[in-house]
$ cat work.cif   # mmCIF, C-alpha atoms and all ligand atoms
data_coords
#
loop_
_atom_site.label_atom_id
_atom_site.label_comp_id
_atom_site.auth_asym_id
_atom_site.auth_seq_id
_atom_site.Cartn_x
_atom_site.Cartn_y
_atom_site.Cartn_z
CA MET A 1 14.89 -27.81 -19.06
CA ALA A 2 17.63 -29.25 -16.85
CA ASP A 3 19.56 -25.97 -16.56
CA GLU A 4 16.48 -23.85 -15.78
CA MET A 5 16.39 -22.29 -12.33
CA GLY A 6 14.40 -24.12 -9.70
CA ILE A 7 11.30 -22.42 -8.32
CA PHE A 8 12.82 -21.69 -4.89
CA GLU A 9 16.06 -20.32 -6.29
CA THR A 10 14.00 -18.11 -8.59
CA MET A 11 11.80 -16.80 -5.76
CA TYR A 12 14.77 -16.04 -3.53
CA HIS A 13 16.62 -14.18 -6.32
CA CYS A 14 13.77 -12.20 -7.88
CA ARG A 15 14.85 -8.66 -6.98
CA ALA A 16 13.35 -5.52 -8.45
CA MET A 17 15.68 -4.86 -11.40
CA ARG A 18 15.25 -1.23 -12.46
CA ARG A 19 18.37 -0.44 -14.49
CA LEU A 20 17.71 -2.12 -17.83
CA LYS A 21 19.45 -2.01 -21.19
CA PRO A 22 17.64 -0.59 -24.24
CA ASP A 23 18.30 -3.79 -26.25
CA PRO A 24 15.05 -5.25 -27.55
CA VAL A 25 13.57 -8.35 -25.97
CA PRO A 26 12.40 -10.96 -28.52
CA GLU A 27 8.63 -11.02 -28.92
CA GLU A 28 8.51 -14.75 -28.22
CA LEU A 29 10.05 -14.15 -24.79
CA LEU A 30 7.56 -11.40 -24.02
CA LEU A 31 4.73 -13.75 -24.97
CA LYS A 32 6.28 -16.45 -22.81
CA LEU A 33 6.20 -14.08 -19.83
CA VAL A 34 2.55 -13.24 -20.40
CA ASP A 35 1.63 -16.87 -20.90
CA ALA A 36 3.37 -17.79 -17.62
CA ALA A 37 1.57 -14.90 -15.91
CA ASN A 38 -1.77 -16.19 -17.17
CA GLN A 39 -1.25 -19.51 -15.37
CA ALA A 40 -1.96 -17.71 -12.07
CA PRO A 41 -5.30 -18.16 -10.31
CA THR A 42 -8.17 -15.66 -10.54
CA GLY A 43 -11.24 -15.34 -8.34
CA SER A 44 -14.04 -17.62 -9.65
CA ASN A 45 -11.60 -18.58 -12.41
CA ALA A 46 -12.76 -15.46 -14.28
CA GLN A 47 -9.43 -15.19 -16.18
CA GLY A 48 -9.78 -11.46 -16.70
CA ALA A 49 -6.05 -10.67 -16.78
CA ARG A 50 -5.19 -8.67 -19.91
CA TRP A 51 -1.80 -7.35 -20.93
CA ILE A 52 -0.64 -4.39 -22.94
CA VAL A 53 2.97 -4.76 -24.01
CA VAL A 54 4.11 -1.25 -24.85
CA ARG A 55 7.02 -1.19 -27.29
CA ASP A 56 6.13 1.81 -29.44
CA PRO A 57 8.59 4.64 -28.60
CA GLU A 58 5.87 7.31 -28.48
CA GLN A 59 3.71 5.25 -26.16
CA ARG A 60 6.72 4.46 -23.97
CA ALA A 61 7.54 8.17 -23.78
CA LYS A 62 4.00 9.01 -22.65
CA LEU A 63 4.08 6.40 -19.89
CA ALA A 64 7.60 7.45 -18.91
CA ALA A 65 6.38 11.04 -18.54
CA LEU A 66 3.54 9.93 -16.23
CA ASN A 67 5.99 7.88 -14.19
CA LYS A 68 8.47 10.74 -13.98
CA THR A 69 5.86 13.11 -12.57
CA ALA A 70 4.75 10.57 -9.95
CA VAL A 71 8.33 9.66 -9.01
CA ALA A 72 9.16 13.36 -8.54
CA SER A 73 6.36 13.66 -5.93
CA TYR A 74 7.40 10.38 -4.30
CA ALA A 75 11.03 11.47 -4.07
CA ALA A 76 10.31 15.00 -2.86
CA PRO A 77 10.59 15.82 0.85
CA GLY A 78 7.18 15.11 2.37
CA GLY A 79 6.38 12.69 -0.43
CA GLY A 80 5.47 10.04 2.13
CA ARG A 81 8.58 7.93 1.57
CA ALA A 82 10.21 6.55 4.72
CA ALA A 83 13.90 7.53 4.89
CA ALA A 84 14.67 4.32 6.79
CA LEU A 85 12.77 1.23 7.91
CA PRO A 86 13.58 -1.24 10.69
CA HIS A 87 14.60 -3.80 8.06
CA GLN A 88 16.18 -1.38 5.56
CA ASP A 89 18.62 1.29 6.72
CA ALA A 90 18.85 4.79 5.24
CA ASP A 91 21.82 3.88 3.01
CA LYS A 92 19.99 0.99 1.42
CA ARG A 93 16.84 3.06 0.98
CA GLN A 94 18.89 5.79 -0.65
CA ARG A 95 20.30 3.23 -3.08
CA MET A 96 16.78 2.05 -3.86
CA LEU A 97 15.68 5.63 -4.48
CA ALA A 98 18.66 6.13 -6.81
CA ALA A 99 17.47 3.15 -8.85
CA VAL A 100 13.88 4.47 -8.90
CA LEU A 101 15.19 7.85 -10.10
CA TRP A 102 17.40 6.18 -12.72
CA GLN A 103 14.38 4.33 -14.04
CA ALA A 104 12.33 7.52 -14.07
CA GLU A 105 15.00 9.13 -16.28
CA HIS A 106 15.30 6.16 -18.64
CA MET A 107 11.89 4.49 -18.74
CA GLN A 108 11.29 5.60 -22.32
CA ASP A 109 14.40 3.63 -23.39
CA ILE A 110 13.40 0.36 -21.72
CA PRO A 111 12.33 -1.96 -24.55
CA ALA A 112 9.03 -3.24 -23.14
CA LEU A 113 6.64 -1.77 -20.60
CA VAL A 114 4.19 -4.51 -19.73
CA ILE A 115 0.92 -3.24 -18.29
CA ALA A 116 -1.00 -5.73 -16.19
CA CYS A 117 -4.71 -5.02 -16.62
CA TYR A 118 -7.87 -6.69 -15.53
CA LYS A 119 -11.05 -6.91 -17.58
CA PHE A 120 -14.03 -6.85 -15.24
CA GLY A 121 -16.68 -7.22 -17.95
CA GLN A 122 -18.60 -4.29 -16.50
CA PRO A 123 -17.71 -0.66 -15.83
CA VAL A 124 -14.92 -0.53 -13.26
CA ARG A 125 -15.92 0.61 -9.77
CA GLN A 126 -13.36 2.30 -7.53
CA GLY A 127 -13.29 -0.59 -5.04
CA GLN A 128 -12.61 -3.13 -7.75
CA ALA A 129 -9.83 -1.03 -9.10
CA MET A 130 -8.21 -0.89 -5.66
CA GLY A 131 -8.45 -4.65 -5.16
CA GLY A 132 -6.42 -6.47 -7.70
CA GLY A 133 -6.40 -9.87 -6.00
CA SER A 134 -6.95 -11.53 -9.36
CA ILE A 135 -4.10 -9.73 -11.15
CA TRP A 136 -1.25 -9.59 -8.63
CA PRO A 137 -0.64 -13.36 -8.58
CA ALA A 138 -0.21 -13.08 -12.35
CA VAL A 139 2.19 -10.17 -11.94
CA GLN A 140 4.34 -12.25 -9.60
CA ASN A 141 4.28 -15.15 -12.06
CA LEU A 142 5.52 -12.77 -14.74
CA LEU A 143 8.32 -11.48 -12.50
CA LEU A 144 9.42 -15.03 -11.69
CA ALA A 145 9.31 -16.03 -15.35
CA ALA A 146 11.39 -12.98 -16.27
CA ARG A 147 13.96 -13.87 -13.61
CA ALA A 148 14.12 -17.46 -14.81
CA LEU A 149 14.76 -16.23 -18.37
CA GLY A 150 17.48 -13.80 -17.30
CA LEU A 151 15.33 -10.73 -17.90
CA GLY A 152 15.16 -7.83 -15.47
CA ALA A 153 11.78 -6.56 -14.31
CA ALA A 154 10.12 -4.77 -11.41
CA PRO A 155 6.52 -4.21 -10.39
CA THR A 156 5.67 -0.49 -10.47
CA THR A 157 2.51 1.47 -9.79
CA LEU A 158 3.62 5.12 -9.62
CA GLY A 159 3.35 5.57 -13.39
CA LEU A 160 -0.33 4.55 -13.23
CA ALA A 161 -1.20 6.78 -10.28
CA ASN A 162 -2.79 9.37 -12.54
CA ARG A 163 -5.46 6.89 -13.52
CA ALA A 164 -7.31 9.10 -15.98
CA ALA A 165 -4.13 9.96 -17.88
CA ALA A 166 -2.92 6.35 -17.89
CA ARG A 167 -6.30 5.11 -19.11
CA GLU A 168 -6.19 7.64 -21.93
CA VAL A 169 -2.67 6.66 -23.04
CA LEU A 170 -3.50 2.95 -22.90
CA GLY A 171 -6.90 3.27 -24.57
CA LEU A 172 -8.64 1.30 -21.83
CA PRO A 173 -12.35 0.56 -22.24
CA ASP A 174 -14.51 1.33 -19.20
CA ASP A 175 -14.57 -2.30 -18.02
CA MET A 176 -10.76 -2.54 -17.75
CA GLU A 177 -8.29 -1.25 -15.19
CA ALA A 178 -4.50 -1.07 -15.25
CA PHE A 179 -2.82 -2.28 -12.06
CA CYS A 180 0.89 -2.58 -12.62
CA LEU A 181 3.52 -1.35 -15.06
CA ILE A 182 6.39 -3.78 -15.39
CA PRO A 183 9.43 -2.51 -17.29
CA VAL A 184 11.16 -5.51 -18.86
CA GLY A 185 14.63 -5.68 -20.40
CA TYR A 186 18.07 -7.13 -20.05
CA PRO A 187 19.62 -6.03 -16.75
CA MET A 188 22.64 -3.71 -16.58
CA GLY A 189 23.66 -5.02 -13.18
CA ASN A 190 23.77 -8.38 -11.52
CA PHE A 191 20.93 -10.40 -10.17
CA GLY A 192 21.20 -11.13 -6.49
CA PRO A 193 19.26 -12.52 -3.56
CA VAL A 194 16.31 -10.66 -2.09
CA VAL A 195 16.60 -9.61 1.56
CA ARG A 196 13.45 -10.23 3.56
CA LEU A 197 12.38 -10.48 7.18
CA PRO A 198 13.31 -13.72 8.92
CA VAL A 199 10.33 -16.04 8.75
CA GLN A 200 10.14 -16.27 12.56
CA GLU A 201 9.31 -12.55 12.71
CA THR A 202 6.38 -12.88 10.36
CA VAL A 203 4.55 -15.96 11.57
CA ARG A 204 2.59 -17.02 14.63
CA TRP A 205 0.85 -20.30 15.14
CA ASP A 206 -2.93 -20.56 15.39
CA ARG A 207 -3.73 -16.99 16.62
CA TRP A 208 -2.03 -13.58 16.46
CA GLU A 209 -2.71 -12.59 20.08
C1 LIG B 301 2.37 -2.93 -5.07
C2 LIG B 301 3.79 -2.54 -5.45
C3 LIG B 301 4.02 -1.31 -6.01
C4 LIG B 301 5.32 -0.92 -6.37
N1 LIG B 301 5.52 0.28 -7.00
C5 LIG B 301 6.75 0.62 -7.42
C6 LIG B 301 6.95 1.81 -8.17
O1 LIG B 301 6.02 2.56 -8.48
N2 LIG B 301 8.22 2.10 -8.59
C7 LIG B 301 9.26 1.27 -8.31
O2 LIG B 301 10.38 1.56 -8.73
N3 LIG B 301 9.11 0.12 -7.61
C8 LIG B 301 7.86 -0.23 -7.16
N4 LIG B 301 7.67 -1.41 -6.48
C9 LIG B 301 8.82 -2.29 -6.22
C10 LIG B 301 9.21 -2.33 -4.73
O3 LIG B 301 9.83 -1.13 -4.38
C11 LIG B 301 10.13 -3.53 -4.54
O4 LIG B 301 9.42 -4.68 -4.87
C12 LIG B 301 10.64 -3.62 -3.11
O5 LIG B 301 11.40 -2.49 -2.80
C13 LIG B 301 11.48 -4.87 -2.91
O6 LIG B 301 12.57 -4.79 -3.77
P1 LIG B 301 13.57 -6.04 -3.92
O7 LIG B 301 12.75 -7.18 -4.42
O8 LIG B 301 14.61 -5.59 -4.90
O9 LIG B 301 14.12 -6.31 -2.57
C14 LIG B 301 6.40 -1.80 -6.13
C15 LIG B 301 6.14 -3.07 -5.58
C16 LIG B 301 4.87 -3.44 -5.26
C17 LIG B 301 4.63 -4.82 -4.69
#

$ encode --input "work.cif" --output "structure tokens"
Amino acid sequence: MADEMGIFETMYHCRAMRRLKPDPVPEELLLKLVDAANQAPTGSNAQGARWIVVRDPEQRAKLAALNKTAVASYAAPGGGRAAALPHQDADKRQRMLAAVLWQAEHMQDIPALVIACYKFGQPVRQGQAMGGGSIWPAVQNLLLAARALGLGAAPTTLGLANRAAAREVLGLPDDMEAFCLIPVGYPMGNFGPVVRLPVQETVRWDRWE
């Protein structure tokens, strides 16, 4: 326990790690990630988070193909991607895109694709599917747990954009929705600090204006 990362160090060093080795991740670690994820809160304590850990090569290839198609649209000119942002210059965004493209090429080789789902207990309505307030805290828990265990991971949604196709691949019943695809593996590169807006830019006291 003593040499585990502290919670703040983990939060401040939990970057999206997209370039991952094909080496398998032990099942007990994958279960540990999901168990940590499940400690997150859910609305009304409904505890509807459900997880599909995709390790089968054929299943990974199908999800990788969906992701590749969506990434190609995202990366294409006019794909809606900002070339630069006030807090992230064009060079840095280009490097991020390179990592997204790398992952699109190699997703089928990443050992575990963890799909964060939510079980609503009734047929999923569009609005519910868009929400996700009861699954994203769990996704962040999983990302933090992965970081603390030295595993690379990143939250992704592009591969699930074709909802009908993703539902078919994952065999989802009509009361479940998939929200996030988290590739998990041992990182090729180094972990590092995240770069975020200074807190002063993001907070006002008592009222916005
Ligand atoms: C809702 C959401 C959707 C995302 N979708 C994708 C995605 O489809 N593909 C991808 O490579 N990264 C995706 N990301 C990861 C973001 O690009 C990443 O968290 C952001 O660039 C910050 O990266 P950093 O933590 O390394 O600074 C997504 C993140 C969130 C929160």

$ closest_atom_pairs --input "work.cif" --of "chain A" --to "ligand LIG 301 (chain B)" --cutoff "8 Å" --atoms "all atoms listed in the file" --output "CSV"
residue,atom,partner,partner_atom,distance
A:Cys14,CA,B:LIG301,O7,6.2
A:Arg15,CA,B:LIG301,O7,3.6
A:Ala16,CA,B:LIG301,O8,3.8
A:Met17,CA,B:LIG301,O8,6.6
A:Arg18,CA,B:LIG301,O2,6.7
A:Asn67,CA,B:LIG301,O1,7.8
A:Val71,CA,B:LIG301,O1,7.5
A:Met96,CA,B:LIG301,O5,7.1
A:Leu97,CA,B:LIG301,O2,7.9
A:Ala99,CA,B:LIG301,O2,7.3
A:Val100,CA,B:LIG301,O2,4.6
A:Gln103,CA,B:LIG301,O2,7.2
A:Ala154,CA,B:LIG301,C9,5.9
A:Pro155,CA,B:LIG301,C14,4.9
A:Thr156,CA,B:LIG301,C5,3.4
A:Thr157,CA,B:LIG301,O1,3.9
A:Leu158,CA,B:LIG301,O1,3.7
A:Gly159,CA,B:LIG301,O1,6.3
A:Cys180,CA,B:LIG301,C3,7.4
A:Val194,CA,B:LIG301,O9,4.9
A:Val195,CA,B:LIG301,O9,5.8
A:Arg196,CA,B:LIG301,O9,7.3

$ atom_distance --input "work.cif" --atom1 "atom CA of Ile52 of chain A" --atom2 "atom CA of Ala116 of chain A"
6.9 Å

$ atom_distance --input "work.cif" --atom1 "atom CA of Leu101 of chain A" --atom2 "atom CA of Pro86 of chain A"
22.7 Å

$ residues_around --input "work.cif" --residues "Gln47 of chain A" --least-positions-apart "4" --cutoff "10 Å" --atoms "all atoms listed in the file" --output "PyMOL selection string"
chain A and resi 38-43+118-120+134-135

$ atom_distance --input "work.cif" --atom1 "atom CA of Leu31 of chain A" --atom2 "atom CA of Leu66 of chain A"
25.3 Å

$ residues_around --input "work.cif" --residues "segment 182-189 of chain A" --least-positions-apart "3" --cutoff "9 Å" --atoms "all atoms listed in the file" --output "PyMOL selection string"
chain A and resi 17-25+30+107+110-116+139+143+146+150-157

$ write_last_selection --input "work.cif" --atoms "C-alpha atoms" --output "PDB file, in the frame of the given file"
ATOM      1  CA  MET A  17      15.680  -4.860 -11.400  1.00  0.00           C
ATOM      2  CA  ARG A  18      15.250  -1.230 -12.460  1.00  0.00           C
ATOM      3  CA  ARG A  19      18.370  -0.440 -14.490  1.00  0.00           C
ATOM      4  CA  LEU A  20      17.710  -2.120 -17.830  1.00  0.00           C
ATOM      5  CA  LYS A  21      19.450  -2.010 -21.190  1.00  0.00           C
ATOM      6  CA  PRO A  22      17.640  -0.590 -24.240  1.00  0.00           C
ATOM      7  CA  ASP A  23      18.300  -3.790 -26.250  1.00  0.00           C
ATOM      8  CA  PRO A  24      15.050  -5.250 -27.550  1.00  0.00           C
ATOM      9  CA  VAL A  25      13.570  -8.350 -25.970  1.00  0.00           C
ATOM     10  CA  LEU A  30       7.560 -11.400 -24.020  1.00  0.00           C
ATOM     11  CA  MET A 107      11.890   4.490 -18.740  1.00  0.00           C
ATOM     12  CA  ILE A 110      13.400   0.360 -21.720  1.00  0.00           C
ATOM     13  CA  PRO A 111      12.330  -1.960 -24.550  1.00  0.00           C
ATOM     14  CA  ALA A 112       9.030  -3.240 -23.140  1.00  0.00           C
ATOM     15  CA  LEU A 113       6.640  -1.770 -20.600  1.00  0.00           C
ATOM     16  CA  VAL A 114       4.190  -4.510 -19.730  1.00  0.00           C
ATOM     17  CA  ILE A 115       0.920  -3.240 -18.290  1.00  0.00           C
ATOM     18  CA  ALA A 116      -1.000  -5.730 -16.190  1.00  0.00           C
ATOM     19  CA  VAL A 139       2.190 -10.170 -11.940  1.00  0.00           C
ATOM     20  CA  LEU A 143       8.320 -11.480 -12.500  1.00  0.00           C
ATOM     21  CA  ALA A 146      11.390 -12.980 -16.270  1.00  0.00           C
ATOM     22  CA  GLY A 150      17.480 -13.800 -17.300  1.00  0.00           C
ATOM     23  CA  LEU A 151      15.330 -10.730 -17.900  1.00  0.00           C
ATOM     24  CA  GLY A 152      15.160  -7.830 -15.470  1.00  0.00           C
ATOM     25  CA  ALA A 153      11.780  -6.560 -14.310  1.00  0.00           C
ATOM     26  CA  ALA A 154      10.120  -4.770 -11.410  1.00  0.00           C
ATOM     27  CA  PRO A 155       6.520  -4.210 -10.390  1.00  0.00           C
ATOM     28  CA  THR A 156       5.670  -0.490 -10.470  1.00  0.00           C
ATOM     29  CA  THR A 157       2.510   1.470  -9.790  1.00  0.00           C
TER      30      THR A 157
END

$ closest_residue --input "work.cif" --among "A:Thr10, A:Gln59, A:Asn45, A:Gln88" --to "Ala166 of chain A" --atoms "only C-alpha atoms"
A:Gln59
